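Asks: There's a structure below that I have some questions on.
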Amino acid sequence: MKWKAIVAATALAGIALGSVVAADGTHDSRIGMMKKIGGATGALGAIAKGDKPYDADIVKASLSTIAETAKAFPDQFNPQSDKTDAEVNPKIWDNLDDFKAKAAKLSTDAETALAQLPADQAGVGGTLKTLGGSCGACHQAYRIKKD
C-alpha cells in the first residue's frame with residue numbers, strides 16, 4: 001500500500017515540476033508534455049484492458065496528469081515559442097483559439113472524470129473513450145502525420 005502512495009506522490013510532483021519547467025515553447029518541452037499525457041493514458045489503458053489491476057491512486061494520478069498537462073500545453077504556443085519547429089502543424093498558429101479550446105476540452109474531460117472517479121476497470125475504459133475522443137479531435141486537426 002505504501003508504494004502506491006509513493007507512485008501517486010511522484011506522479012503529482014512530476015506534474016507540478018513539468019508545468020513550471022516546460023513552459024518554454026521548445027520542441028523538447030512540447031514533446032515532453034505529450035509524452036506525459038501518453039504515459040498517463042497508457043496507465044489508464046493498462047487498467048482498462050485488464051493488464052493491470054484497478055488502482056484508484058494510479059487512476060487519480062493519471063487523470064491529474066492529463067488535466068494539468070492539457071491545460072498547460074497551449075502555453076507552448078505563445079508568441080515567444082519556436083514557430084520553426086517542423087513537427088508543429090502551421091494550422092495551430094492560424095487556429096490558435098480552436099487549438100486552445102480542444103486542449104481545454106481534454107483538460108475538462110479529465111477533471112470531470114477525476115471528480116467522478118471511475119470505480120472499476122469498465123469505468124476506466126469508458127473514461128478512456130471520452131479522453132480518446134478529445135485527444136483524437138485535436139490530433140485529427142493539428143497533428144502532422146509521419147510516414
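Following the order of the C-alpha cells, chains are lettered A, B, ..., residues in each are numbered from 1, and ligands are numbered from 1.
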Could you build a table of the residues in segment 46-124 of chain A lying no more than 6 Å from segment 24-30 of chain A, giving for each the nearest pair of atoms and their separation in Å rounded to one decimal place, using only C-alpha atoms, ordered by chain and ascending residue number, as CSV?
Replies:
```
residue,atom,partner,partner_atom,distance
A:Gln76,CA,A:Gly25,CA,3.9
A:Phe77,CA,A:Gly25,CA,5.9
A:Ser81,CA,A:Gly25,CA,4.3
A:Asp82,CA,A:Thr26,CA,5.6
```
Asks: Could the residues in this selection be written to a file with all heavy atoms, as an mmCIF file, in the first residue's frame?
Replies:
```
data_model
loop_
_atom_site.group_PDB
_atom_site.id
_atom_site.type_symbol
_atom_site.label_atom_id
_atom_site.label_comp_id
_atom_site.auth_asym_id
_atom_site.auth_seq_id
_atom_site.Cartn_x
_atom_site.Cartn_y
_atom_site.Cartn_z
ATOM 1 N N GLN A 76 2.618 26.400 -24.745
ATOM 2 C CA GLN A 76 3.784 26.072 -25.563
ATOM 3 C C GLN A 76 3.746 26.784 -26.915
ATOM 4 O O GLN A 76 4.699 26.739 -27.677
ATOM 5 C CB GLN A 76 3.859 24.562 -25.796
ATOM 6 C CG GLN A 76 4.006 23.756 -24.532
ATOM 7 C CD GLN A 76 5.268 24.124 -23.795
ATOM 8 O OE1 GLN A 76 6.357 24.061 -24.343
ATOM 9 N NE2 GLN A 76 5.131 24.536 -22.563
ATOM 10 N N PHE A 77 2.634 27.415 -27.199
ATOM 11 C CA PHE A 77 2.441 28.086 -28.488
ATOM 12 C C PHE A 77 2.186 29.570 -28.269
ATOM 13 O O PHE A 77 1.264 30.159 -28.805
ATOM 14 C CB PHE A 77 1.288 27.405 -29.243
ATOM 15 C CG PHE A 77 1.573 25.952 -29.487
ATOM 16 C CD1 PHE A 77 1.224 24.993 -28.553
ATOM 17 C CD2 PHE A 77 2.250 25.556 -30.621
ATOM 18 C CE1 PHE A 77 1.527 23.658 -28.751
ATOM 19 C CE2 PHE A 77 2.563 24.224 -30.824
ATOM 20 C CZ PHE A 77 2.194 23.270 -29.890
ATOM 21 N N SER A 81 7.461 31.363 -28.514
ATOM 22 C CA SER A 81 7.810 29.957 -28.741
ATOM 23 C C SER A 81 8.358 29.735 -30.149
ATOM 24 O O SER A 81 8.237 30.591 -31.028
ATOM 25 C CB SER A 81 6.606 29.059 -28.469
ATOM 26 O OG SER A 81 5.564 29.355 -29.358
ATOM 27 N N ASP A 82 8.932 28.574 -30.344
ATOM 28 C CA ASP A 82 9.580 28.207 -31.602
ATOM 29 C C ASP A 82 8.541 27.909 -32.676
ATOM 30 O O ASP A 82 7.895 26.870 -32.670
ATOM 31 C CB ASP A 82 10.473 26.988 -31.373
ATOM 32 C CG ASP A 82 11.204 26.547 -32.625
ATOM 33 O OD1 ASP A 82 11.118 27.244 -33.660
ATOM 34 O OD2 ASP A 82 11.874 25.508 -32.560
#
```
Asks: Between atom CA of Ala119 of chain A and atom CA of Gly39 of chain A, what distance in Å does the model show, to one decimal?
Replies: 20.4 Å
Asks: Would you mind telling me which residue in A:Leu117, A:Met34, A:Ala103, A:Ala72 lies nearest to Asp55 of chain A when using only C-alpha atoms?
Replies: A:Leu117
Asks: With a distance cut-off of 6 Å and only C-alpha atoms, select the neighbouring residues of segment 120-127 of chain A, excluding the residue or stretch itself and same-chain residues fewer than 5 positions from it, and output the selection as a VMD selection string.
Replies: chain A and resid 47 to 48 54
Asks: I want to know what sits within 7 Å of Thr69 of chain A, based on only C-alpha atoms, with residues of the same chain fewer than 4 positions away left out; could you give that as a VMD selection string?
Replies: chain A and resid 19 33 37 65 73
Asks: Emit the selected residues as a JSON list (two decimals), in the first residue's frame, including C-alpha atoms.
Replies:
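Generated file (part16.json):
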```json
[["chain", "number", "residue", "atom", "x", "y", "z"],
["A", 19, "SER", "CA", 4.18, 22.63, -15.53],
["A", 33, "MET", "CA", 4.32, 17.23, -22.34],
["A", 37, "ILE", "CA", -0.14, 12.62, -21.43],
["A", 65, "THR", "CA", -1.52, 14.48, -15.14],
["A", 73, "PHE", "CA", 0.02, 22.64, -23.27]]
```
Asks: I need the residues of segment 31-87 of chain A that end up classed as alpha helix (DSSP H) by DSSP on the backbone, written out as a PyMOL selection string.
Replies: chain A and resi 31-49+56-72
Asks: If you count only C-alpha atoms, which residues fall within 12 Å of segment 133-144 of chain A, apart from same-chain ones fewer than 4 positions away, as a VMD selection string?
Replies: chain A and resid 34 37 to 38 41 66 to 67 70 74 85 to 96 98 to 110 126 to 129
Asks: Keeping only N, CA, C and O atoms, write those residues as a short mmCIF file (atom, residue, chain, number, x, y, z; two decimals), in the first residue's frame.
Replies:
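Dumped to again38.cif:
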```cif
data_model
loop_
_atom_site.label_atom_id
_atom_site.label_comp_id
_atom_site.auth_asym_id
_atom_site.auth_seq_id
_atom_site.Cartn_x
_atom_site.Cartn_y
_atom_site.Cartn_z
N MET A 34 3.57 15.97 -24.28
CA MET A 34 2.77 14.94 -24.95
C MET A 34 3.12 13.55 -24.40
O MET A 34 2.24 12.69 -24.25
N ILE A 37 1.26 13.00 -21.18
CA ILE A 37 -0.14 12.62 -21.43
C ILE A 37 -0.19 11.18 -21.92
O ILE A 37 -1.03 10.39 -21.49
N GLY A 38 0.73 10.83 -22.81
CA GLY A 38 0.78 9.46 -23.32
C GLY A 38 1.04 8.43 -22.23
O GLY A 38 0.41 7.37 -22.20
N THR A 41 -2.12 8.14 -20.15
CA THR A 41 -3.12 7.42 -20.92
C THR A 41 -2.78 5.93 -20.97
O THR A 41 -3.66 5.07 -20.87
N ILE A 66 -3.13 14.26 -16.93
CA ILE A 66 -3.76 14.65 -18.19
C ILE A 66 -4.41 16.02 -18.07
O ILE A 66 -4.22 16.88 -18.93
N ALA A 67 -5.17 16.23 -16.99
CA ALA A 67 -5.86 17.52 -16.80
C ALA A 67 -4.89 18.69 -16.76
O ALA A 67 -5.07 19.69 -17.46
N ALA A 70 -2.74 19.04 -20.20
CA ALA A 70 -3.56 19.56 -21.29
C ALA A 70 -3.88 21.04 -21.08
O ALA A 70 -3.92 21.81 -22.04
N PRO A 74 -1.25 24.50 -24.31
CA PRO A 74 -1.34 25.63 -25.24
C PRO A 74 -0.34 26.75 -24.96
O PRO A 74 0.01 27.52 -25.87
N ASP A 85 9.54 24.94 -35.69
CA ASP A 85 9.57 23.51 -35.41
C ASP A 85 8.83 22.77 -36.51
O ASP A 85 7.63 22.94 -36.71
N ALA A 86 9.54 21.95 -37.27
CA ALA A 86 8.96 21.23 -38.40
C ALA A 86 7.89 20.23 -37.98
O ALA A 86 7.09 19.79 -38.81
N GLU A 87 7.85 19.87 -36.71
CA GLU A 87 6.85 18.91 -36.24
C GLU A 87 5.58 19.59 -35.72
O GLU A 87 4.68 18.92 -35.23
N VAL A 88 5.51 20.91 -35.85
CA VAL A 88 4.32 21.64 -35.45
C VAL A 88 3.55 22.03 -36.71
O VAL A 88 4.09 22.66 -37.62
N ASN A 89 2.30 21.65 -36.74
CA ASN A 89 1.45 21.98 -37.86
C ASN A 89 1.19 23.49 -37.87
O ASN A 89 0.72 24.04 -36.87
N PRO A 90 1.48 24.16 -38.97
CA PRO A 90 1.25 25.61 -39.03
C PRO A 90 -0.21 26.00 -38.81
O PRO A 90 -0.50 27.14 -38.45
N LYS A 91 -1.12 25.05 -38.99
CA LYS A 91 -2.54 25.35 -38.75
C LYS A 91 -2.79 25.76 -37.30
O LYS A 91 -3.75 26.46 -37.02
N ILE A 92 -1.93 25.32 -36.39
CA ILE A 92 -2.10 25.71 -34.99
C ILE A 92 -2.05 27.23 -34.87
O ILE A 92 -2.88 27.84 -34.20
N TRP A 93 -1.08 27.83 -35.53
CA TRP A 93 -0.92 29.29 -35.42
C TRP A 93 -2.09 30.02 -36.06
O TRP A 93 -2.47 31.09 -35.60
N ASP A 94 -2.67 29.43 -37.10
CA ASP A 94 -3.81 30.05 -37.79
C ASP A 94 -5.12 29.86 -37.02
O ASP A 94 -6.07 30.62 -37.23
N ASN A 95 -5.20 28.82 -36.21
CA ASN A 95 -6.42 28.47 -35.49
C ASN A 95 -6.15 28.32 -34.00
O ASN A 95 -6.63 27.37 -33.37
N LEU A 96 -5.40 29.23 -33.45
CA LEU A 96 -4.95 29.10 -32.06
C LEU A 96 -6.12 28.99 -31.08
O LEU A 96 -6.06 28.21 -30.13
N ASP A 98 -9.09 27.66 -31.59
CA ASP A 98 -9.64 26.31 -31.69
C ASP A 98 -8.71 25.31 -31.03
O ASP A 98 -9.15 24.41 -30.31
N PHE A 99 -7.41 25.47 -31.27
CA PHE A 99 -6.42 24.59 -30.66
C PHE A 99 -6.51 24.65 -29.14
O PHE A 99 -6.54 23.63 -28.45
N LYS A 100 -6.59 25.86 -28.60
CA LYS A 100 -6.72 26.04 -27.16
C LYS A 100 -8.02 25.44 -26.64
O LYS A 100 -8.05 24.84 -25.55
N ALA A 101 -9.09 25.57 -27.40
CA ALA A 101 -10.39 25.02 -26.98
C ALA A 101 -10.33 23.49 -26.93
O ALA A 101 -10.89 22.87 -26.01
N LYS A 102 -9.65 22.89 -27.88
CA LYS A 102 -9.53 21.43 -27.88
C LYS A 102 -8.70 20.95 -26.69
O LYS A 102 -9.04 19.95 -26.04
N ALA A 103 -7.64 21.65 -26.37
CA ALA A 103 -6.83 21.30 -25.19
C ALA A 103 -7.65 21.49 -23.91
O ALA A 103 -7.58 20.65 -23.00
N ALA A 104 -8.42 22.56 -23.86
CA ALA A 104 -9.25 22.81 -22.68
C ALA A 104 -10.31 21.72 -22.52
O ALA A 104 -10.62 21.31 -21.39
N LYS A 105 -10.84 21.23 -23.63
CA LYS A 105 -11.84 20.15 -23.57
C LYS A 105 -11.22 18.90 -22.96
O LYS A 105 -11.83 18.24 -22.11
N LEU A 106 -10.01 18.55 -23.40
CA LEU A 106 -9.33 17.38 -22.83
C LEU A 106 -9.11 17.58 -21.34
O LEU A 106 -9.38 16.69 -20.53
N SER A 107 -8.66 18.76 -20.95
CA SER A 107 -8.42 19.04 -19.54
C SER A 107 -9.72 18.93 -18.74
O SER A 107 -9.76 18.31 -17.67
N THR A 108 -10.79 19.51 -19.26
CA THR A 108 -12.09 19.47 -18.58
C THR A 108 -12.60 18.04 -18.48
O THR A 108 -13.14 17.64 -17.44
N ASP A 109 -12.46 17.26 -19.55
CA ASP A 109 -12.89 15.86 -19.52
C ASP A 109 -12.14 15.09 -18.43
O ASP A 109 -12.73 14.30 -17.69
N ALA A 110 -10.85 15.33 -18.32
CA ALA A 110 -10.05 14.65 -17.29
C ALA A 110 -10.45 15.12 -15.89
O ALA A 110 -10.56 14.31 -14.96
N GLY A 126 -14.49 3.43 -20.05
CA GLY A 126 -15.40 4.48 -20.52
C GLY A 126 -14.75 5.85 -20.50
O GLY A 126 -14.90 6.65 -21.43
N THR A 127 -14.03 6.11 -19.43
CA THR A 127 -13.32 7.39 -19.31
C THR A 127 -12.27 7.52 -20.40
O THR A 127 -12.12 8.58 -21.01
N LEU A 128 -11.58 6.44 -20.67
CA LEU A 128 -10.55 6.45 -21.70
C LEU A 128 -11.14 6.74 -23.09
O LEU A 128 -10.53 7.44 -23.89
N LYS A 129 -12.33 6.23 -23.34
CA LYS A 129 -13.00 6.52 -24.62
C LYS A 129 -13.30 8.02 -24.74
O LYS A 129 -13.11 8.61 -25.79
#
```
Asks: Could you tell me which of A:Ala115, A:Thr84, A:Leu131, A:Ala46 comes closest to Lys60 of chain A if we count only C-alpha atoms?
Replies: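 Comparing A:Ala115, A:Thr84, A:Leu131, A:Ala46 against Lys60 of chain A, the winner is A:Ala115.
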